[in-house]
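Engineer: input-v8.csv is reproduced below (CSV, C-alpha atoms).
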```csv
chain,number,residue,atom,x,y,z
F,1,MET,CA,-25.7,-2.5,-5.4
F,2,THR,CA,-28.1,-0.3,-7.5
F,3,GLN,CA,-27.3,3.3,-8.4
F,4,PHE,CA,-29.7,4.5,-5.7
F,5,SER,CA,-28.4,2.3,-3.0
F,6,LEU,CA,-24.8,3.2,-3.8
F,7,ARG,CA,-25.7,6.9,-3.6
F,8,ARG,CA,-27.5,6.3,-0.3
F,9,PHE,CA,-24.4,4.3,1.0
F,10,LEU,CA,-22.1,7.2,0.0
F,11,ILE,CA,-24.3,9.8,1.6
F,12,ASP,CA,-24.9,7.9,4.9
F,13,ASN,CA,-21.2,7.1,5.3
F,14,ALA,CA,-19.6,10.1,3.7
F,15,ALA,CA,-17.6,11.3,6.7
F,16,TRP,CA,-16.1,7.8,7.5
F,17,LEU,CA,-15.3,7.1,3.9
F,18,GLY,CA,-13.9,10.6,3.5
F,19,ALA,CA,-11.5,10.0,6.4
F,20,GLY,CA,-10.3,6.8,4.7
F,21,VAL,CA,-9.7,8.6,1.4
F,22,LEU,CA,-7.8,11.4,3.2
F,23,LEU,CA,-5.6,9.0,5.1
F,24,THR,CA,-4.7,6.9,2.0
F,25,PHE,CA,-4.0,10.1,-0.1
F,26,LEU,CA,-1.7,11.6,2.5
F,27,SER,CA,0.1,8.2,2.9
F,28,SER,CA,1.4,9.0,-0.6
F,29,PHE,CA,4.3,11.1,0.9
F,30,GLY,CA,5.6,7.9,2.5
F,31,GLN,CA,5.1,5.7,-0.5
F,32,THR,CA,7.8,4.6,-2.8
F,33,PHE,CA,6.1,6.0,-5.9
F,34,PHE,CA,6.5,9.5,-4.4
F,35,ILE,CA,9.9,9.1,-2.7
F,36,SER,CA,11.4,7.6,-5.9
F,37,VAL,CA,10.6,10.7,-7.8
F,38,PHE,CA,13.5,12.3,-6.0
F,39,ALA,CA,15.9,9.3,-6.4
F,40,GLY,CA,18.2,11.1,-8.8
F,41,GLU,CA,18.4,14.2,-6.7
F,42,ILE,CA,18.9,12.2,-3.5
F,43,ARG,CA,21.7,10.1,-4.9
F,44,ALA,CA,23.4,13.1,-6.3
F,45,ALA,CA,23.1,15.1,-3.1
F,46,PHE,CA,24.5,12.3,-0.9
F,47,GLY,CA,26.9,10.7,-3.5
F,48,LEU,CA,25.1,7.3,-3.5
F,49,SER,CA,25.2,4.5,-6.0
F,50,HIS,CA,22.0,2.6,-6.9
F,51,GLY,CA,22.9,-0.2,-4.5
F,52,ALA,CA,23.9,2.2,-1.7
F,53,TRP,CA,20.6,4.2,-2.0
F,54,GLY,CA,18.6,1.0,-2.2
F,55,GLY,CA,20.4,-0.3,0.9
F,56,LEU,CA,19.7,2.8,3.0
F,57,TYR,CA,16.1,2.9,1.8
F,58,SER,CA,15.8,-0.8,2.7
F,59,LEU,CA,17.3,-0.2,6.1
F,60,GLY,CA,14.9,2.5,7.0
F,61,THR,CA,12.0,0.6,5.7
F,62,LEU,CA,13.0,-2.6,7.5
F,63,VAL,CA,13.1,-0.9,10.8
F,64,SER,CA,9.7,0.6,10.2
F,65,ALA,CA,8.3,-2.9,9.5
F,66,VAL,CA,9.5,-4.1,12.9
F,67,VAL,CA,7.9,-1.1,14.6
F,68,MET,CA,4.7,-1.6,12.7
F,69,ILE,CA,4.2,-4.9,14.5
F,70,TRP,CA,3.6,-3.0,17.7
F,71,ALA,CA,2.3,0.3,16.4
F,72,GLY,CA,-0.4,-1.3,14.2
F,73,GLY,CA,-2.0,-2.9,17.2
F,74,LEU,CA,-2.8,0.5,18.5
F,75,THR,CA,-5.8,0.6,16.1
F,76,ASP,CA,-7.5,-1.9,18.3
F,77,VAL,CA,-7.2,0.5,21.3
F,78,PHE,CA,-7.5,4.1,20.1
F,79,ARG,CA,-10.1,5.8,17.9
F,80,VAL,CA,-9.0,6.9,14.4
F,81,ARG,CA,-9.8,10.4,15.5
F,82,VAL,CA,-7.2,10.2,18.3
F,83,LEU,CA,-4.6,8.2,16.4
F,84,GLY,CA,-4.9,9.7,13.0
F,85,PRO,CA,-3.7,13.3,13.9
F,86,VAL,CA,-0.7,11.8,15.7
F,87,VAL,CA,0.2,9.7,12.6
F,88,LEU,CA,-0.2,12.7,10.2
F,89,LEU,CA,1.9,14.9,12.5
F,90,GLY,CA,4.6,12.2,12.4
F,91,LEU,CA,4.4,12.1,8.6
F,92,ALA,CA,4.7,15.9,8.3
F,93,LEU,CA,7.8,15.9,10.5
F,94,ALA,CA,9.3,13.1,8.4
F,95,ALA,CA,8.7,15.2,5.2
F,96,LEU,CA,10.3,18.2,6.9
F,97,ALA,CA,13.3,16.0,7.9
F,98,MET,CA,13.8,15.1,4.2
F,99,ALA,CA,13.7,18.8,3.4
F,100,LEU,CA,16.2,19.9,6.0
F,101,ASN,CA,18.6,16.9,6.3
F,102,SER,CA,22.1,17.2,4.7
F,103,TRP,CA,23.8,14.3,6.5
F,104,VAL,CA,23.8,10.9,4.8
F,105,VAL,CA,23.9,9.1,8.2
F,106,LEU,CA,20.5,10.6,9.0
F,107,LEU,CA,18.9,9.6,5.7
F,108,PRO,CA,17.8,6.1,6.9
F,109,ALA,CA,16.1,7.8,9.9
F,110,ALA,CA,14.1,10.1,7.6
F,111,ILE,CA,13.2,7.2,5.4
F,112,PHE,CA,12.1,5.2,8.5
F,113,LEU,CA,9.8,8.0,9.6
F,114,LEU,CA,8.3,8.4,6.1
F,115,ARG,CA,7.7,4.7,5.8
F,116,LEU,CA,6.3,4.2,9.3
F,117,PHE,CA,3.9,7.0,9.3
F,118,GLY,CA,3.1,7.1,5.5
F,119,GLN,CA,3.2,3.6,3.9
F,120,GLY,CA,2.7,1.9,7.3
F,121,MET,CA,0.4,3.6,9.7
F,122,SER,CA,-1.6,6.0,7.5
F,123,THR,CA,-2.6,3.1,5.1
F,124,HIS,CA,-3.1,0.6,8.0
F,125,LEU,CA,-5.3,3.0,9.9
F,126,ALA,CA,-7.6,3.6,6.9
F,127,MET,CA,-7.9,-0.1,5.9
F,128,VAL,CA,-8.5,-1.4,9.5
F,129,ALA,CA,-11.2,1.2,10.0
F,130,MET,CA,-13.0,0.3,6.8
F,131,ALA,CA,-12.7,-3.5,7.5
F,132,ARG,CA,-14.0,-3.0,11.0
F,133,TRP,CA,-16.7,-0.4,10.4
F,134,PHE,CA,-18.3,-2.1,7.4
F,135,ILE,CA,-19.3,-5.8,7.1
F,136,ALA,CA,-21.8,-6.4,4.3
F,137,THR,CA,-20.3,-3.6,2.2
F,138,ARG,CA,-16.7,-4.0,3.3
F,139,GLY,CA,-15.5,-4.4,-0.2
F,140,LYS,CA,-17.0,-1.2,-1.4
F,141,ALA,CA,-15.8,0.7,1.6
F,142,LEU,CA,-12.2,-0.5,1.1
F,143,SER,CA,-12.4,0.4,-2.6
F,144,ILE,CA,-13.7,3.9,-1.9
F,145,ALA,CA,-11.1,4.5,0.8
F,146,SER,CA,-8.3,3.4,-1.6
F,147,ILE,CA,-9.2,6.2,-4.0
F,148,GLY,CA,-7.0,8.5,-2.0
F,149,TYR,CA,-3.9,6.3,-2.7
F,150,ALA,CA,-4.9,6.0,-6.4
F,151,LEU,CA,-5.2,9.8,-6.7
F,152,GLY,CA,-1.9,10.4,-5.1
F,153,GLU,CA,-0.2,7.8,-7.3
F,154,ALA,CA,-1.7,9.3,-10.4
F,155,LEU,CA,-1.2,13.0,-9.7
F,156,LEU,CA,1.6,13.6,-7.2
F,157,PRO,CA,4.6,12.1,-9.2
F,158,LEU,CA,3.6,14.1,-12.3
F,159,ILE,CA,3.0,17.3,-10.4
F,160,PHE,CA,6.3,17.1,-8.4
F,161,VAL,CA,8.4,16.0,-11.4
F,162,THR,CA,7.1,19.0,-13.2
F,163,ALA,CA,7.6,21.3,-10.2
F,164,MET,CA,11.3,20.2,-9.9
F,165,VAL,CA,12.0,22.0,-13.1
F,166,PHE,CA,11.3,25.3,-11.3
F,167,LEU,CA,11.8,24.5,-7.6
F,168,ASP,CA,14.5,22.8,-5.5
F,169,TRP,CA,13.7,19.2,-4.5
F,170,ARG,CA,14.1,20.0,-0.8
F,171,LEU,CA,11.6,22.8,-1.0
F,172,LEU,CA,9.1,20.4,-2.5
F,173,TRP,CA,9.5,18.1,0.6
F,174,GLY,CA,8.6,21.2,2.7
F,175,VAL,CA,5.4,21.6,0.6
F,176,ALA,CA,4.6,17.9,1.3
F,177,ALA,CA,4.9,18.6,5.0
F,178,VAL,CA,2.5,21.6,4.8
F,179,ILE,CA,-0.1,19.6,2.9
F,180,THR,CA,0.0,16.8,5.5
F,181,LEU,CA,-0.4,19.3,8.4
F,182,LEU,CA,-3.4,20.8,6.7
F,183,GLY,CA,-5.0,17.3,6.6
F,184,ILE,CA,-5.1,17.1,10.4
F,185,PRO,CA,-8.0,19.5,11.0
F,186,VAL,CA,-9.8,18.0,8.1
F,187,LEU,CA,-9.6,14.5,9.5
F,188,THR,CA,-10.7,15.7,12.9
F,189,ARG,CA,-13.7,17.4,11.3
F,190,LEU,CA,-14.7,14.3,9.4
F,191,LEU,CA,-14.6,12.1,12.5
F,192,ARG,CA,-16.6,14.3,14.8
F,193,GLU,CA,-18.8,11.3,15.5
F,194,GLU,CA,-16.6,8.3,15.1
F,195,ARG,CA,-17.4,4.6,15.5
F,196,THR,CA,-15.0,3.3,18.1
F,197,PRO,CA,-13.2,-0.1,18.5
F,198,GLN,CA,-14.9,-0.7,21.8
F,199,SER,CA,-18.5,-0.2,20.5
F,200,LEU,CA,-17.7,-2.2,17.4
F,201,ALA,CA,-16.7,-5.2,19.5
F,202,SER,CA,-20.3,-5.9,20.2
F,203,ALA,CA,-22.3,-4.0,17.6
F,204,TYR,CA,-20.3,-4.5,14.4
F,205,SER,CA,-18.3,-7.6,15.2
F,206,ALA,CA,-17.9,-10.4,12.7
F,207,THR,CA,-16.2,-13.8,13.3
F,208,GLY,CA,-13.8,-15.8,11.1
F,209,MET,CA,-12.9,-19.4,10.7
F,210,HIS,CA,-14.6,-21.9,13.1
F,211,GLY,CA,-17.0,-19.1,14.0
F,212,ARG,CA,-14.5,-17.4,16.4
F,213,HIS,CA,-12.5,-14.2,16.8
F,214,TRP,CA,-8.8,-15.0,16.2
F,215,THR,CA,-6.0,-13.2,18.1
F,216,ARG,CA,-2.7,-12.4,16.5
F,217,ARG,CA,-1.1,-15.3,18.3
F,218,ASP,CA,-3.7,-17.7,17.0
F,219,ALA,CA,-3.4,-16.4,13.4
F,220,LEU,CA,0.4,-16.8,13.5
F,221,SER,CA,0.1,-20.4,14.6
F,222,HIS,CA,-2.3,-21.2,11.7
F,223,PRO,CA,-0.8,-22.4,8.4
F,224,LEU,CA,-3.0,-20.1,6.3
F,225,PHE,CA,-1.1,-17.0,7.5
F,226,TRP,CA,2.2,-18.4,6.2
F,227,PHE,CA,0.7,-19.6,2.9
F,228,MET,CA,-0.5,-16.0,2.5
F,229,THR,CA,2.8,-14.3,3.5
F,230,PRO,CA,4.5,-14.5,0.0
F,231,ALA,CA,1.3,-13.0,-1.5
F,232,VAL,CA,1.5,-10.1,0.9
F,233,LEU,CA,5.3,-9.6,0.6
F,234,GLY,CA,5.6,-10.0,-3.2
F,235,PRO,CA,3.5,-7.2,-4.6
F,236,SER,CA,5.0,-4.8,-2.0
F,237,ALA,CA,8.5,-5.9,-2.8
F,238,PHE,CA,8.5,-5.7,-6.5
F,239,ILE,CA,5.9,-3.0,-7.3
F,240,THR,CA,8.0,-0.9,-4.9
F,241,ALA,CA,11.2,-1.9,-6.8
F,242,PHE,CA,9.6,-0.9,-10.1
F,243,PHE,CA,8.7,2.6,-8.8
F,244,PHE,CA,11.9,2.9,-6.9
F,245,HIS,CA,14.0,2.3,-10.0
F,246,GLN,CA,11.8,4.3,-12.4
F,247,VAL,CA,14.5,6.8,-13.2
F,248,HIS,CA,17.0,4.0,-13.9
F,249,LEU,CA,14.5,2.0,-15.9
F,250,ALA,CA,13.7,5.0,-18.1
F,251,GLU,CA,17.5,5.5,-18.7
F,252,VAL,CA,18.2,1.9,-19.7
F,253,LYS,CA,15.1,1.7,-21.9
F,254,GLY,CA,16.0,5.0,-23.6
F,255,TRP,CA,12.9,6.9,-22.5
F,256,ALA,CA,12.7,10.3,-21.0
F,257,HIS,CA,11.6,10.1,-17.3
F,258,ILE,CA,8.6,12.2,-18.0
F,259,GLN,CA,7.4,9.7,-20.7
F,260,LEU,CA,7.3,7.0,-18.0
F,261,VAL,CA,5.7,9.2,-15.4
F,262,ALA,CA,3.1,10.2,-18.0
F,263,LEU,CA,1.9,6.6,-18.0
F,264,PHE,CA,1.1,6.6,-14.3
F,265,PRO,CA,-2.4,8.1,-14.8
F,266,VAL,CA,-3.2,5.2,-17.1
F,267,TYR,CA,-1.9,2.8,-14.6
F,268,THR,CA,-4.0,4.5,-11.9
F,269,GLY,CA,-7.1,4.5,-14.0
F,270,VAL,CA,-6.9,0.8,-14.6
F,271,SER,CA,-6.1,0.1,-10.9
F,272,LEU,CA,-9.2,2.1,-9.9
F,273,LEU,CA,-11.4,0.1,-12.2
F,274,SER,CA,-9.9,-3.1,-10.9
F,275,MET,CA,-10.2,-1.9,-7.3
F,276,PHE,CA,-13.9,-1.2,-7.6
F,277,SER,CA,-14.5,-4.4,-9.6
F,278,ALA,CA,-12.7,-6.4,-6.9
F,279,GLY,CA,-14.7,-4.6,-4.1
F,280,TRP,CA,-18.0,-5.5,-5.8
F,281,ALA,CA,-16.9,-9.1,-6.4
F,282,LEU,CA,-15.8,-9.8,-2.9
F,283,ASP,CA,-19.0,-8.4,-1.4
F,284,LYS,CA,-20.8,-10.8,-3.8
F,285,TRP,CA,-18.6,-13.9,-3.6
F,286,GLY,CA,-16.2,-13.4,-0.7
F,287,THR,CA,-12.4,-13.4,-0.9
F,288,ALA,CA,-11.8,-17.1,-1.1
F,289,ARG,CA,-12.6,-17.5,-4.8
F,290,MET,CA,-10.5,-14.6,-5.8
F,291,MET,CA,-7.3,-14.7,-3.7
F,292,PRO,CA,-5.5,-17.5,-5.6
F,293,TYR,CA,-5.8,-15.9,-9.0
F,294,TYR,CA,-5.6,-12.1,-8.7
F,295,GLN,CA,-1.8,-11.9,-8.9
F,296,LEU,CA,-1.7,-13.7,-12.3
F,297,PRO,CA,-1.8,-10.3,-14.2
F,298,LEU,CA,1.1,-9.2,-12.1
F,299,ALA,CA,3.2,-12.1,-13.2
F,300,LEU,CA,2.4,-11.4,-16.9
F,301,GLY,CA,3.0,-7.7,-16.4
F,302,PHE,CA,6.5,-8.1,-15.2
F,303,VAL,CA,7.3,-10.4,-18.1
F,304,VAL,CA,6.0,-7.9,-20.6
F,305,LEU,CA,8.0,-5.1,-18.9
F,306,GLY,CA,11.1,-7.2,-19.1
F,307,LEU,CA,10.7,-8.0,-22.8
F,308,SER,CA,9.4,-4.6,-24.0
F,309,THR,CA,11.6,-1.9,-25.5
F,310,SER,CA,8.8,0.7,-26.4
F,311,VAL,CA,6.7,3.0,-24.4
F,312,MET,CA,3.6,1.1,-25.8
F,313,GLY,CA,5.0,-2.1,-24.4
F,314,ALA,CA,5.5,-0.4,-21.0
F,315,THR,CA,1.9,0.8,-21.2
F,316,ILE,CA,0.7,-2.8,-21.6
F,317,GLY,CA,2.9,-4.0,-18.8
F,318,LEU,CA,1.7,-1.2,-16.5
F,319,ILE,CA,-2.0,-2.1,-17.3
F,320,LEU,CA,-1.4,-5.7,-16.3
F,321,LEU,CA,0.4,-4.6,-13.1
F,322,ALA,CA,-2.6,-2.3,-12.3
F,323,LEU,CA,-5.1,-5.1,-12.6
F,324,THR,CA,-3.5,-6.8,-9.6
F,325,VAL,CA,-2.5,-3.6,-7.7
F,326,GLY,CA,-6.2,-2.4,-7.8
F,327,ALA,CA,-7.5,-5.7,-6.5
F,328,ASN,CA,-4.7,-5.7,-3.9
F,329,SER,CA,-6.1,-2.5,-2.4
F,330,THR,CA,-9.2,-4.3,-1.2
F,331,LEU,CA,-8.8,-8.1,-1.2
F,332,PRO,CA,-6.1,-8.7,1.5
F,333,SER,CA,-7.7,-6.4,4.0
F,334,ALA,CA,-11.1,-8.0,3.5
F,335,PHE,CA,-9.4,-11.5,3.6
F,336,TRP,CA,-8.0,-11.0,7.1
F,337,ALA,CA,-11.4,-9.9,8.4
F,338,GLU,CA,-13.3,-12.7,6.7
F,339,PHE,CA,-11.0,-15.5,7.8
F,340,TYR,CA,-9.9,-14.2,11.2
F,341,GLY,CA,-12.8,-12.0,12.4
F,342,THR,CA,-12.8,-8.3,13.2
F,343,ARG,CA,-12.3,-8.1,17.0
F,344,HIS,CA,-8.5,-8.2,16.8
F,345,ILE,CA,-8.2,-7.2,13.1
F,346,GLY,CA,-5.9,-4.3,14.0
F,347,ALA,CA,-3.3,-6.5,15.6
F,348,ILE,CA,-3.6,-9.2,12.9
F,349,LYS,CA,-3.4,-6.8,10.0
F,350,ALA,CA,-0.5,-5.0,11.7
F,351,MET,CA,1.5,-8.2,11.3
F,352,ALA,CA,0.4,-8.4,7.7
F,353,THR,CA,1.3,-4.8,7.2
F,354,ALA,CA,4.7,-5.4,8.8
F,355,VAL,CA,5.2,-8.2,6.2
F,356,MET,CA,4.2,-5.8,3.5
F,357,VAL,CA,6.6,-3.1,4.7
F,358,LEU,CA,9.3,-5.8,4.9
F,359,GLY,CA,8.7,-6.6,1.3
F,360,SER,CA,9.1,-2.9,0.4
F,361,ALA,CA,12.4,-3.0,2.2
F,362,ILE,CA,13.6,-6.1,0.4
F,363,GLY,CA,12.6,-5.1,-3.1
F,364,PRO,CA,14.6,-1.9,-3.7
F,365,GLY,CA,17.6,-3.2,-1.8
F,366,LEU,CA,17.7,-6.6,-3.6
F,367,THR,CA,17.1,-5.1,-7.1
F,368,GLY,CA,19.6,-2.3,-6.5
F,369,VAL,CA,22.4,-4.7,-5.5
F,370,LEU,CA,21.6,-6.8,-8.5
F,371,ILE,CA,21.8,-3.8,-10.8
F,372,ASP,CA,25.2,-3.0,-9.3
F,373,TRP,CA,26.3,-6.6,-10.0
F,374,GLY,CA,25.3,-6.2,-13.6
F,375,VAL,CA,21.9,-8.1,-13.6
F,376,SER,CA,19.6,-5.9,-15.7
F,377,LEU,CA,16.1,-4.9,-14.6
F,378,ASP,CA,14.8,-6.7,-17.7
F,379,THR,CA,16.3,-10.0,-16.5
F,380,GLN,CA,15.1,-9.4,-13.0
F,381,PHE,CA,11.5,-8.7,-14.2
F,382,LEU,CA,11.4,-12.1,-15.9
F,383,TRP,CA,12.3,-13.9,-12.7
F,384,ILE,CA,9.8,-11.8,-10.8
F,385,GLY,CA,7.1,-13.0,-13.1
F,386,ILE,CA,7.9,-16.6,-12.4
F,387,PHE,CA,7.9,-15.9,-8.6
F,388,PHE,CA,4.3,-14.6,-8.8
F,389,LEU,CA,3.2,-17.8,-10.5
F,390,LEU,CA,4.5,-19.7,-7.5
F,391,VAL,CA,2.8,-17.3,-5.2
F,392,CYS,CA,-0.6,-18.0,-6.8
F,393,ALA,CA,0.0,-21.8,-6.3
F,394,LEU,CA,0.7,-21.3,-2.6
F,395,VAL,CA,-2.3,-19.2,-2.0
F,396,HIS,CA,-4.5,-21.7,-3.8
F,397,ILE,CA,-3.3,-24.5,-1.4
F,398,GLY,CA,-3.7,-22.4,1.7
F,399,VAL,CA,-7.2,-21.0,0.9
F,400,THR,CA,-8.6,-24.3,-0.4
F,401,SER,CA,-7.8,-25.9,2.9
F,402,ALA,CA,-9.0,-23.1,5.1
F,403,VAL,CA,-12.2,-22.2,3.3
F,404,ARG,CA,-13.9,-25.4,4.6
F,405,THR,CA,-13.8,-23.9,8.2
F,406,LEU,CA,-15.7,-20.7,7.4
```
Using structure tokens, write down the structure that the file contains.

Structural biologist:
Amino acid sequence: MTQFSLRRFLIDNAAWLGAGVLLTFLSSFGQTFFISVFAGEIRAAFGLSHGAWGGLYSLGTLVSAVVMIWAGGLTDVFRVRVLGPVVLLGLALAALAMALNSWVVLLPAAIFLLRLFGQGMSTHLAMVAMARWFIATRGKALSIASIGYALGEALLPLIFVTAMVFLDWRLLWGVAAVITLLGIPVLTRLLREERTPQSLASAYSATGMHGRHWTRRDALSHPLFWFMTPAVLGPSAFITAFFFHQVHLAEVKGWAHIQLVALFPVYTGVSLLSMFSAGWALDKWGTARMMPYYQLPLALGFVVLGLSTSVMGATIGLILLALTVGANSTLPSAFWAEFYGTRHIGAIKAMATAVMVLGSAIGPGLTGVLIDWGVSLDTQFLWIGIFFLLVCALVHIGVTSAVRTL
């Protein structure tokens, strides 16, 4: 895409792309990279060990994954303009619950709401809209919409960690609630004239394997979905675990927490470059050529993090993680549309999103328990690297078999 045509694309689709950016940015308040900033304060306030905090976090996240199977399918029925404000209102109430709650028994409920409306529905709504609204430029649209997530990841932890020096952590959750509420009228304004799922069924529809539109039941009965499942679950599980235990990781490595957080903008910058590169590449070559290999940097990155003792080593490890994380922002969403069609993409991707959320429940809980059992994060990171090598092999087998039917 030339500079002129890219500019034309951005101008012509500014409102829809802006809605995607807004939704992914506000999803930050339900993402682990943001919640984990408060891990030390939450554990201290409720008297929780690493394992107990990880267990409660996993419980709330796991329930949100189950609910996502149903809730995600609503994107095939309702306009983003209708569903989006409801999702953002739910996210704002979840942030307010974190600000006001003082009972440990209600902590999983607050986590559930944050994960469902933030990590789950806000991101899902944005990605389904981009995958459905754009066909020939799907990769670029997904990449641009993901900028919001990248901005949140780069800026919000640093801003809120700094703010905690001056303000109580509960008050900062109230600030997050207010910011989310302010996003509702902005979203409604951007989507004054929105493309709808009903109109797209005929005007913007694209088929998948065997030239057909696959339903969720069809997708679940096809081997490809299950070959892809570890690739969906893995990054969510272990990137989540990395950010979830960032305070503990800094402690055991002998770094100040702010030193680690200061690396996040570098991580985000690389992930942005990777995200746009992947979006351009998938528009040119499709997802089939890229899916089996894009998690290789993730495998190497965890090995580097496990072996490194310096901040410079952590920087290299984070750069490697970012190469996969950036591509992961665009490739999977485009993959489901390319292989299964767009008519039922909301329901199919809802299942994939539920798997992703399930991964984010497993990662912190599993790694937290292992920490309590005396298994260091360094050792865990080495095994995680091996896991991702196996994931790449599985994706290669599944995609190689399925690509012949496109």

Engineer: Can you measure atom CA of Leu187 of chain F to atom CA of Met356 of chain F for me? One decimal in Å is fine.

Structural biologist: 25.3 Å

Engineer: Applying 12 Å and all atoms listed in the file, which residues near segment 255-265 of chain F remain after dropping the ones on its own chain fewer than 6 positions away? List them as an NGL selection string.

Structural biologist: :F and (33-34 or 36-40 or 150-162 or 164-165 or 242-243 or 245-249 or 271-272 or 309-319 or 321-322)

Engineer: For the atom pair atom CA of Thr342 of chain F and atom CA of Val391 of chain F, what is the interatomic distance in Å to one decimal place?

Structural biologist: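 It comes out at 25.7 Å.
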
Engineer: So the first atom is atom CA of Asn101 of chain F and the second is atom CA of Ser122 of chain F; what is the distance between them in Å, to one decimal place?

Structural biologist: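 Computing it gives 23.0 Å between the two atoms.
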
Engineer: Using all atoms listed in the file, pick whichever of F:Ala299, F:Val63, F:Ala126, F:Leu106 has the shortest atom-to-atom distance to Phe381 of chain F.

Structural biologist: F:Ala299

Engineer: Would you mind writing segment 155-167 of chain F with N, CA and C atoms, as a PDB file, in the coordinates of the input?

Structural biologist:
```pdb
ATOM      1  N   LEU F 155      -1.444  11.585  -9.552  1.00  0.00           N
ATOM      2  CA  LEU F 155      -1.200  13.000  -9.700  1.00  0.00           C
ATOM      3  C   LEU F 155       0.110  13.498  -9.103  1.00  0.00           C
ATOM      4  N   LEU F 156       0.488  13.009  -7.936  1.00  0.00           N
ATOM      5  CA  LEU F 156       1.600  13.600  -7.200  1.00  0.00           C
ATOM      6  C   LEU F 156       2.958  13.422  -7.973  1.00  0.00           C
ATOM      7  N   PRO F 157       3.295  12.230  -8.517  1.00  0.00           N
ATOM      8  CA  PRO F 157       4.600  12.100  -9.200  1.00  0.00           C
ATOM      9  C   PRO F 157       4.640  13.111 -10.419  1.00  0.00           C
ATOM     10  N   LEU F 158       3.565  13.204 -11.189  1.00  0.00           N
ATOM     11  CA  LEU F 158       3.600  14.100 -12.300  1.00  0.00           C
ATOM     12  C   LEU F 158       3.697  15.556 -11.914  1.00  0.00           C
ATOM     13  N   ILE F 159       2.965  15.927 -10.856  1.00  0.00           N
ATOM     14  CA  ILE F 159       3.000  17.300 -10.400  1.00  0.00           C
ATOM     15  C   ILE F 159       4.397  17.652  -9.831  1.00  0.00           C
ATOM     16  N   PHE F 160       4.975  16.754  -9.050  1.00  0.00           N
ATOM     17  CA  PHE F 160       6.300  17.100  -8.400  1.00  0.00           C
ATOM     18  C   PHE F 160       7.428  16.954  -9.376  1.00  0.00           C
ATOM     19  N   VAL F 161       7.360  16.033 -10.338  1.00  0.00           N
ATOM     20  CA  VAL F 161       8.400  16.000 -11.400  1.00  0.00           C
ATOM     21  C   VAL F 161       8.401  17.278 -12.167  1.00  0.00           C
ATOM     22  N   THR F 162       7.209  17.762 -12.515  1.00  0.00           N
ATOM     23  CA  THR F 162       7.100  19.000 -13.200  1.00  0.00           C
ATOM     24  C   THR F 162       7.598  20.195 -12.377  1.00  0.00           C
ATOM     25  N   ALA F 163       7.233  20.172 -11.090  1.00  0.00           N
ATOM     26  CA  ALA F 163       7.600  21.300 -10.200  1.00  0.00           C
ATOM     27  C   ALA F 163       9.132  21.326  -9.992  1.00  0.00           C
ATOM     28  N   MET F 164       9.813  20.172 -10.093  1.00  0.00           N
ATOM     29  CA  MET F 164      11.300  20.200  -9.900  1.00  0.00           C
ATOM     30  C   MET F 164      12.016  20.919 -10.991  1.00  0.00           C
ATOM     31  N   VAL F 165      11.354  21.174 -12.088  1.00  0.00           N
ATOM     32  CA  VAL F 165      12.000  22.000 -13.100  1.00  0.00           C
ATOM     33  C   VAL F 165      12.154  23.425 -12.638  1.00  0.00           C
ATOM     34  N   PHE F 166      11.278  23.866 -11.742  1.00  0.00           N
ATOM     35  CA  PHE F 166      11.300  25.300 -11.300  1.00  0.00           C
ATOM     36  C   PHE F 166      11.731  25.411  -9.831  1.00  0.00           C
ATOM     37  N   LEU F 167      11.563  24.372  -9.010  1.00  0.00           N
ATOM     38  CA  LEU F 167      11.800  24.500  -7.600  1.00  0.00           C
ATOM     39  C   LEU F 167      12.831  23.433  -7.120  1.00  0.00           C
TER      40      LEU F 167
END
```
